[in-house]
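Trainee: My structure is in my_file-v7.cif, and what it holds is mmCIF, C-alpha atoms and all ligand atoms:
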```cif
data_structure
loop_
_atom_site.group_PDB
_atom_site.id
_atom_site.type_symbol
_atom_site.label_atom_id
_atom_site.label_comp_id
_atom_site.auth_asym_id
_atom_site.auth_seq_id
_atom_site.Cartn_x
_atom_site.Cartn_y
_atom_site.Cartn_z
ATOM 1 C CA MET A 229 -83.275 25.929 77.091
ATOM 2 C CA THR A 230 -82.503 23.241 74.554
ATOM 3 C CA ASP A 231 -79.086 23.618 72.983
ATOM 4 C CA ILE A 232 -77.274 21.548 70.369
ATOM 5 C CA SER A 233 -75.244 19.524 72.861
ATOM 6 C CA THR A 234 -78.500 18.511 74.550
ATOM 7 C CA ILE A 235 -80.030 17.171 71.367
ATOM 8 C CA LEU A 236 -76.798 15.362 70.447
ATOM 9 C CA ASP A 237 -76.769 13.704 73.865
ATOM 10 C CA GLN A 238 -80.417 12.779 73.548
ATOM 11 C CA ASN A 239 -79.741 11.329 70.113
ATOM 12 C CA GLN A 240 -76.990 9.069 71.485
ATOM 13 C CA ARG A 241 -79.394 7.707 74.077
ATOM 14 C CA TRP A 242 -82.245 7.323 71.585
ATOM 15 C CA ALA A 243 -80.087 5.437 69.056
ATOM 16 C CA ALA A 244 -78.715 3.138 71.750
ATOM 17 C CA ASP A 245 -82.170 2.437 73.228
ATOM 18 C CA ARG A 246 -83.686 1.834 69.798
ATOM 19 C CA ALA A 247 -80.930 -0.589 68.780
ATOM 20 C CA ALA A 248 -81.218 -2.411 72.100
ATOM 21 C CA ALA A 249 -84.971 -2.832 71.719
ATOM 22 C CA GLU A 250 -84.776 -3.912 68.073
ATOM 23 C CA PRO A 251 -81.278 -4.915 66.889
ATOM 24 C CA GLN A 252 -82.189 -4.881 63.150
ATOM 25 C CA PHE A 253 -83.973 -1.513 63.330
ATOM 26 C CA PHE A 254 -81.317 0.697 61.748
ATOM 27 C CA SER A 255 -79.871 -1.855 59.350
ATOM 28 C CA GLU A 256 -83.360 -2.519 57.950
ATOM 29 C CA LEU A 257 -84.156 1.181 57.574
ATOM 30 C CA ALA A 258 -80.804 1.802 55.924
ATOM 31 C CA LYS A 259 -81.839 -0.512 53.069
ATOM 32 C CA GLY A 260 -84.590 1.856 51.955
ATOM 33 C CA GLN A 261 -87.963 3.331 52.716
ATOM 34 C CA SER A 262 -91.456 2.259 51.717
ATOM 35 C CA PRO A 263 -93.852 4.519 53.631
ATOM 36 C CA LYS A 264 -97.536 4.142 52.781
ATOM 37 C CA ILE A 265 -98.489 7.684 53.755
ATOM 38 C CA LEU A 266 -97.528 11.153 52.596
ATOM 39 C CA TRP A 267 -98.213 13.732 55.306
ATOM 40 C CA ILE A 268 -98.541 17.387 54.362
ATOM 41 C CA GLY A 269 -98.718 19.382 57.579
ATOM 42 C CA CYS A 270 -98.001 22.703 59.212
ATOM 43 C CA ALA A 271 -94.422 23.532 60.193
ATOM 44 C CA ASP A 272 -95.750 24.336 63.693
ATOM 45 C CA SER A 273 -93.490 22.646 66.264
ATOM 46 C CA ARG A 274 -96.507 21.341 68.167
ATOM 47 C CA VAL A 275 -97.738 19.061 65.378
ATOM 48 C CA PRO A 276 -95.014 16.458 64.702
ATOM 49 C CA ALA A 277 -96.289 13.973 62.120
ATOM 50 C CA THR A 278 -94.812 10.809 63.603
ATOM 51 C CA ASP A 279 -95.619 11.540 67.261
ATOM 52 C CA VAL A 280 -99.294 12.392 66.762
ATOM 53 C CA THR A 281 -99.884 9.397 64.481
ATOM 54 C CA GLY A 282 -97.969 6.848 66.517
ATOM 55 C CA LEU A 283 -95.768 6.171 63.477
ATOM 56 C CA GLY A 284 -91.994 5.841 63.487
ATOM 57 C CA PRO A 285 -89.037 6.263 61.154
ATOM 58 C CA GLY A 286 -89.747 4.792 57.714
ATOM 59 C CA GLU A 287 -93.529 4.928 58.050
ATOM 60 C CA VAL A 288 -94.498 8.386 56.837
ATOM 61 C CA PHE A 289 -93.088 10.681 54.136
ATOM 62 C CA VAL A 290 -93.410 14.257 55.355
ATOM 63 C CA HIS A 291 -93.732 17.727 53.884
ATOM 64 C CA ARG A 292 -94.391 20.643 56.202
ATOM 65 C CA ASN A 293 -94.672 24.355 55.597
ATOM 66 C CA ILE A 294 -96.441 27.300 57.145
ATOM 67 C CA ALA A 295 -100.157 26.471 57.337
ATOM 68 C CA ASN A 296 -99.932 23.251 55.274
ATOM 69 C CA VAL A 297 -100.384 25.021 51.966
ATOM 70 C CA VAL A 298 -100.304 23.159 48.642
ATOM 71 C CA ALA A 299 -99.639 25.762 45.956
ATOM 72 C CA HIS A 300 -99.487 24.749 42.303
ATOM 73 C CA THR A 301 -96.423 26.963 41.797
ATOM 74 C CA ASP A 302 -94.472 25.481 44.741
ATOM 75 C CA LEU A 303 -91.859 23.165 43.201
ATOM 76 C CA ASN A 304 -90.878 21.949 46.664
ATOM 77 C CA CYS A 305 -94.328 20.651 47.609
ATOM 78 C CA LEU A 306 -95.107 19.412 44.090
ATOM 79 C CA SER A 307 -91.814 17.503 43.993
ATOM 80 C CA VAL A 308 -92.581 15.859 47.327
ATOM 81 C CA ILE A 309 -96.018 14.838 46.064
ATOM 82 C CA GLN A 310 -94.619 13.480 42.802
ATOM 83 C CA TYR A 311 -91.879 11.482 44.513
ATOM 84 C CA ALA A 312 -94.214 10.119 47.177
ATOM 85 C CA VAL A 313 -96.927 9.133 44.738
ATOM 86 C CA GLU A 314 -94.972 8.028 41.680
ATOM 87 C CA VAL A 315 -91.777 6.574 43.164
ATOM 88 C CA LEU A 316 -92.613 5.557 46.742
ATOM 89 C CA LYS A 317 -96.168 4.749 45.648
ATOM 90 C CA VAL A 318 -97.871 5.786 48.855
ATOM 91 C CA ASP A 319 -101.506 4.716 49.284
ATOM 92 C CA HIS A 320 -102.631 7.829 51.167
ATOM 93 C CA VAL A 321 -101.932 11.535 51.078
ATOM 94 C CA VAL A 322 -102.919 13.284 54.285
ATOM 95 C CA VAL A 323 -103.297 17.042 54.505
ATOM 96 C CA CYS A 324 -103.274 17.832 58.205
ATOM 97 C CA GLY A 325 -104.100 21.289 59.496
ATOM 98 C CA HIS A 326 -104.495 22.313 63.086
ATOM 99 C CA TYR A 327 -106.726 24.564 65.125
ATOM 100 C CA GLY A 328 -104.960 27.632 66.420
ATOM 101 C CA CYS A 329 -102.752 27.802 63.312
ATOM 102 C CA GLY A 330 -100.631 30.960 63.418
ATOM 103 C CA GLY A 331 -100.410 31.065 59.634
ATOM 104 C CA VAL A 332 -104.170 31.042 59.252
ATOM 105 C CA GLN A 333 -104.527 33.640 61.984
ATOM 106 C CA ALA A 334 -101.971 35.902 60.346
ATOM 107 C CA ALA A 335 -103.686 35.480 56.980
ATOM 108 C CA SER A 336 -107.029 36.517 58.463
ATOM 109 C CA GLY A 337 -105.694 39.813 59.773
ATOM 110 C CA ASP A 338 -104.459 43.006 58.158
ATOM 111 C CA HIS A 339 -100.955 43.149 59.648
ATOM 112 C CA ALA A 340 -98.125 43.249 57.094
ATOM 113 C CA TYR A 341 -95.344 40.761 57.920
ATOM 114 C CA GLY A 342 -93.149 41.228 54.841
ATOM 115 C CA LEU A 343 -92.082 38.360 52.597
ATOM 116 C CA ILE A 344 -94.420 35.866 54.208
ATOM 117 C CA ASP A 345 -97.452 37.922 53.164
ATOM 118 C CA ASN A 346 -97.024 36.415 49.695
ATOM 119 C CA TRP A 347 -97.322 32.923 51.170
ATOM 120 C CA LEU A 348 -100.266 33.897 53.348
ATOM 121 C CA ARG A 349 -102.054 35.163 50.233
ATOM 122 C CA HIS A 350 -102.887 31.532 49.444
ATOM 123 C CA ILE A 351 -104.851 31.385 52.682
ATOM 124 C CA LYS A 352 -106.351 34.822 52.218
ATOM 125 C CA ASP A 353 -107.801 33.536 48.928
ATOM 126 C CA VAL A 354 -109.465 30.677 50.836
ATOM 127 C CA ILE A 355 -110.850 33.038 53.465
ATOM 128 C CA ALA A 356 -112.085 35.518 50.846
ATOM 129 C CA SER A 357 -114.035 32.824 49.024
ATOM 130 C CA HIS A 358 -115.917 31.953 52.239
ATOM 131 C CA GLN A 359 -116.097 35.439 53.771
ATOM 132 C CA GLU A 360 -119.866 35.588 54.098
ATOM 133 C CA SER A 361 -120.298 32.312 55.990
ATOM 134 C CA LEU A 362 -117.244 33.093 58.135
ATOM 135 C CA ASP A 363 -118.601 36.518 59.096
ATOM 136 C CA ALA A 364 -121.708 34.821 60.536
ATOM 137 C CA LEU A 365 -119.588 33.026 63.181
ATOM 138 C CA ASP A 366 -118.208 34.288 66.478
ATOM 139 C CA ASP A 367 -114.446 34.834 66.734
ATOM 140 C CA ASP A 368 -113.451 31.380 68.064
ATOM 141 C CA ALA A 369 -115.731 29.478 65.699
ATOM 142 C CA ARG A 370 -114.552 31.607 62.773
ATOM 143 C CA PHE A 371 -110.894 30.854 63.484
ATOM 144 C CA ASP A 372 -111.617 27.132 63.790
ATOM 145 C CA ARG A 373 -113.627 27.180 60.572
ATOM 146 C CA MET A 374 -110.873 29.021 58.696
ATOM 147 C CA CYS A 375 -108.405 26.304 59.718
ATOM 148 C CA GLU A 376 -110.822 23.637 58.455
ATOM 149 C CA LEU A 377 -111.530 25.468 55.194
ATOM 150 C CA ASN A 378 -107.804 25.785 54.600
ATOM 151 C CA VAL A 379 -107.422 22.004 54.898
ATOM 152 C CA ALA A 380 -110.300 21.513 52.447
ATOM 153 C CA ALA A 381 -108.714 23.893 49.956
ATOM 154 C CA GLN A 382 -105.352 22.127 50.182
ATOM 155 C CA VAL A 383 -106.953 18.693 49.766
ATOM 156 C CA ALA A 384 -108.509 20.039 46.561
ATOM 157 C CA ASN A 385 -105.131 21.402 45.471
ATOM 158 C CA VAL A 386 -103.492 18.007 46.018
ATOM 159 C CA CYS A 387 -106.210 16.368 43.919
ATOM 160 C CA ALA A 388 -105.632 18.863 41.108
ATOM 161 C CA THR A 389 -102.006 17.783 40.667
ATOM 162 C CA ALA A 390 -100.899 15.699 37.682
ATOM 163 C CA SER A 391 -99.265 13.119 39.978
ATOM 164 C CA ILE A 392 -102.495 12.268 41.780
ATOM 165 C CA GLN A 393 -104.556 12.220 38.622
ATOM 166 C CA SER A 394 -102.133 10.083 36.620
ATOM 167 C CA THR A 395 -102.141 7.582 39.488
ATOM 168 C CA TRP A 396 -105.933 7.429 39.492
ATOM 169 C CA ARG A 397 -105.864 7.045 35.712
ATOM 170 C CA SER A 398 -103.473 4.095 36.037
ATOM 171 C CA GLY A 399 -105.997 2.357 38.260
ATOM 172 C CA ARG A 400 -103.801 2.267 41.357
ATOM 173 C CA PRO A 401 -105.808 3.041 44.514
ATOM 174 C CA LEU A 402 -104.823 6.347 46.123
ATOM 175 C CA SER A 403 -106.794 8.438 48.587
ATOM 176 C CA VAL A 404 -106.368 12.044 49.656
ATOM 177 C CA HIS A 405 -107.577 12.903 53.150
ATOM 178 C CA GLY A 406 -108.128 16.044 55.205
ATOM 179 C CA LEU A 407 -107.434 15.889 58.944
ATOM 180 C CA ILE A 408 -107.237 18.539 61.613
ATOM 181 C CA TYR A 409 -105.308 18.389 64.865
ATOM 182 C CA ASP A 410 -106.459 19.979 68.100
ATOM 183 C CA LEU A 411 -103.554 21.463 70.053
ATOM 184 C CA LYS A 412 -105.695 21.536 73.198
ATOM 185 C CA ASP A 413 -106.240 17.781 73.501
ATOM 186 C CA GLY A 414 -103.846 16.165 71.013
ATOM 187 C CA ARG A 415 -106.661 14.619 68.989
ATOM 188 C CA LEU A 416 -106.772 14.256 65.214
ATOM 189 C CA LYS A 417 -110.157 14.635 63.544
ATOM 190 C CA ASP A 418 -111.084 13.353 60.085
ATOM 191 C CA LEU A 419 -112.833 16.210 58.293
ATOM 192 C CA GLY A 420 -114.602 13.781 55.945
ATOM 193 C CA LEU A 421 -112.946 15.216 52.838
ATOM 194 C CA THR A 422 -111.488 11.978 51.449
ATOM 195 C CA VAL A 423 -111.191 11.872 47.657
ATOM 196 C CA SER A 424 -110.241 8.647 45.849
ATOM 197 C CA GLU A 425 -111.368 9.256 42.263
ATOM 198 C CA PHE A 426 -111.891 11.866 39.544
ATOM 199 C CA GLU A 427 -115.562 12.202 40.409
ATOM 200 C CA GLY A 428 -114.541 13.749 43.706
ATOM 201 C CA ILE A 429 -113.037 16.860 42.133
ATOM 202 C CA PRO A 430 -114.517 19.728 40.110
ATOM 203 C CA LYS A 431 -114.597 19.081 36.360
ATOM 204 C CA VAL A 432 -112.361 22.023 35.503
ATOM 205 C CA PHE A 433 -109.454 20.477 37.447
ATOM 206 C CA ARG A 434 -109.680 17.061 35.776
ATOM 207 C CA MET A 435 -106.897 16.371 33.294
ATOM 208 C CA ALA A 436 -107.210 13.923 30.403
HETATM 209 CO CO CO B 501 -99.996 26.127 61.784
#
```
Write the structure described by the file as structure tokens, please.
Ligand code: CO
Mentor:
Amino acid sequence: MTDISTILDQNQRWAADRAAAEPQFFSELAKGQSPKILWIGCADSRVPATDVTGLGPGEVFVHRNIANVVAHTDLNCLSVIQYAVEVLKVDHVVVCGHYGCGGVQAASGDHAYGLIDNWLRHIKDVIASHQESLDALDDDARFDRMCELNVAAQVANVCATASIQSTWRSGRPLSVHGLIYDLKDGRLKDLGLTVSEFEGIPKVFRMA
């Protein structure tokens, strides 16, 4: 079992090793951050943004919650997006889901979990709007597809935010991507959902 003294010990070793390998590493990072990517992922412990992308400290701005949901009433997520896009000026926003997502699985069932049911409602809405095509699939394929559809819905939600649209309007290049991670083999897959301009989103979500 991992306890706090273990992680503190590991941290001492990591910091010493890192400084030995690259003496300026911490002093450079302490000056500030300029990541080029905002990662919006699931809170699942098996999908750490830096590890699976081969990126390190300073290279990716991260927001994670249960089932990588981007809700237009979530001040936390919206604040992260605004700061990343308008202040850090990231070039890419990545929504990364994963197959086998417990949040998506919970949302697809009828069990009541309490408070979290209100969060899962965002995913239930996605499932409900694709119910017919999902019902045509077998159980495994349906679960996989629900995870993919959730990523697509959250990519669309990112694109509907004022921060993304004001950046596009300013002419600064910014792309929103949808990826999915496979827990079984550690591979990321591009779902081909990339949006880089107003034309990529439904008219009703475009703001003047
Ligand atoms: Co998950």
Trainee: Can you tell me, as a list of chain:residue names, what residues are no more than 8 Å from Ser391 (chain A) when counting all atoms listed in the file, ignoring any on the same chain fewer than 6 positions away?
Mentor: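 The residues that qualify are A:Ile309, A:Gln310, A:Val313, A:Glu314.
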Trainee: Please give me, as a PyMOL selection string, the residues lying within 7 Å of ligand CO 501 (chain B) when counting all atoms listed in the file.
Mentor: chain A and resi 270-272+294-295+325-326+328-332
Trainee: Could you tell me which residues the PyMOL selection byres (((chain A and resi 284) around 12) and not hetatm) returns for this structure, as a list of chain:residue names?
Mentor: A:Arg246, A:Phe253, A:Phe254, A:Leu257, A:Gln261, A:Pro263, A:Ile265, A:Pro276, A:Ala277, A:Thr278, A:Asp279, A:Val280, A:Thr281, A:Gly282, A:Leu283, A:Pro285, A:Gly286, A:Glu287, A:Val288, A:Phe289, A:Val290
Trainee: Between A:Ser262, A:Val323, A:His300, A:Phe426, single out the one closest to Ser394 (chain A), counting all atoms listed in the file.
Mentor: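 Comparing A:Ser262, A:Val323, A:His300, A:Phe426 against Ser394 (chain A), the winner is A:Phe426.
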Trainee: Please write as a VMD selection string the list of polymer residues whose atoms come within 8 Å of (-99.1, 5.0, 44.8), counting all atoms listed in the file and keeping to the coordinates of the file.
Mentor: chain A and resid 312 to 320 395 400 to 402
Trainee: What residues come out when you apply the PyMOL selection byres (((chain A and resi 418) around 7) and not hetatm) to this file, written as JSON, numbers by chain?
Mentor: {"A": [406, 407, 408, 416, 417, 419, 420]}
Trainee: Produce a file of the selected residues containing C-alpha atoms, as a PDB file, in the coordinates of the input.
Mentor:
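Okay, out-v4.pdb is ready:
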```pdb
ATOM      1  CA  GLY A 406    -108.128  16.044  55.205  1.00  0.00           C
ATOM      2  CA  LEU A 407    -107.434  15.889  58.944  1.00  0.00           C
ATOM      3  CA  ILE A 408    -107.237  18.539  61.613  1.00  0.00           C
ATOM      4  CA  LEU A 416    -106.772  14.256  65.214  1.00  0.00           C
ATOM      5  CA  LYS A 417    -110.157  14.635  63.544  1.00  0.00           C
ATOM      6  CA  LEU A 419    -112.833  16.210  58.293  1.00  0.00           C
ATOM      7  CA  GLY A 420    -114.602  13.781  55.945  1.00  0.00           C
TER       8      GLY A 420
END
```
Trainee: May I ask for the distance between CA of Thr234 (chain A) and CA of Cys324 (chain A), given in Å to one decimal place?
Mentor: 29.7 Å
Trainee: Measuring between all atoms listed in the file, which one of A:Leu303, A:Cys375, A:Ile355, A:Ile344 shows the shortest distance to Tyr409 (chain A)?
Mentor: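 Selected residue with least distance to Tyr409 (chain A): A:Cys375.
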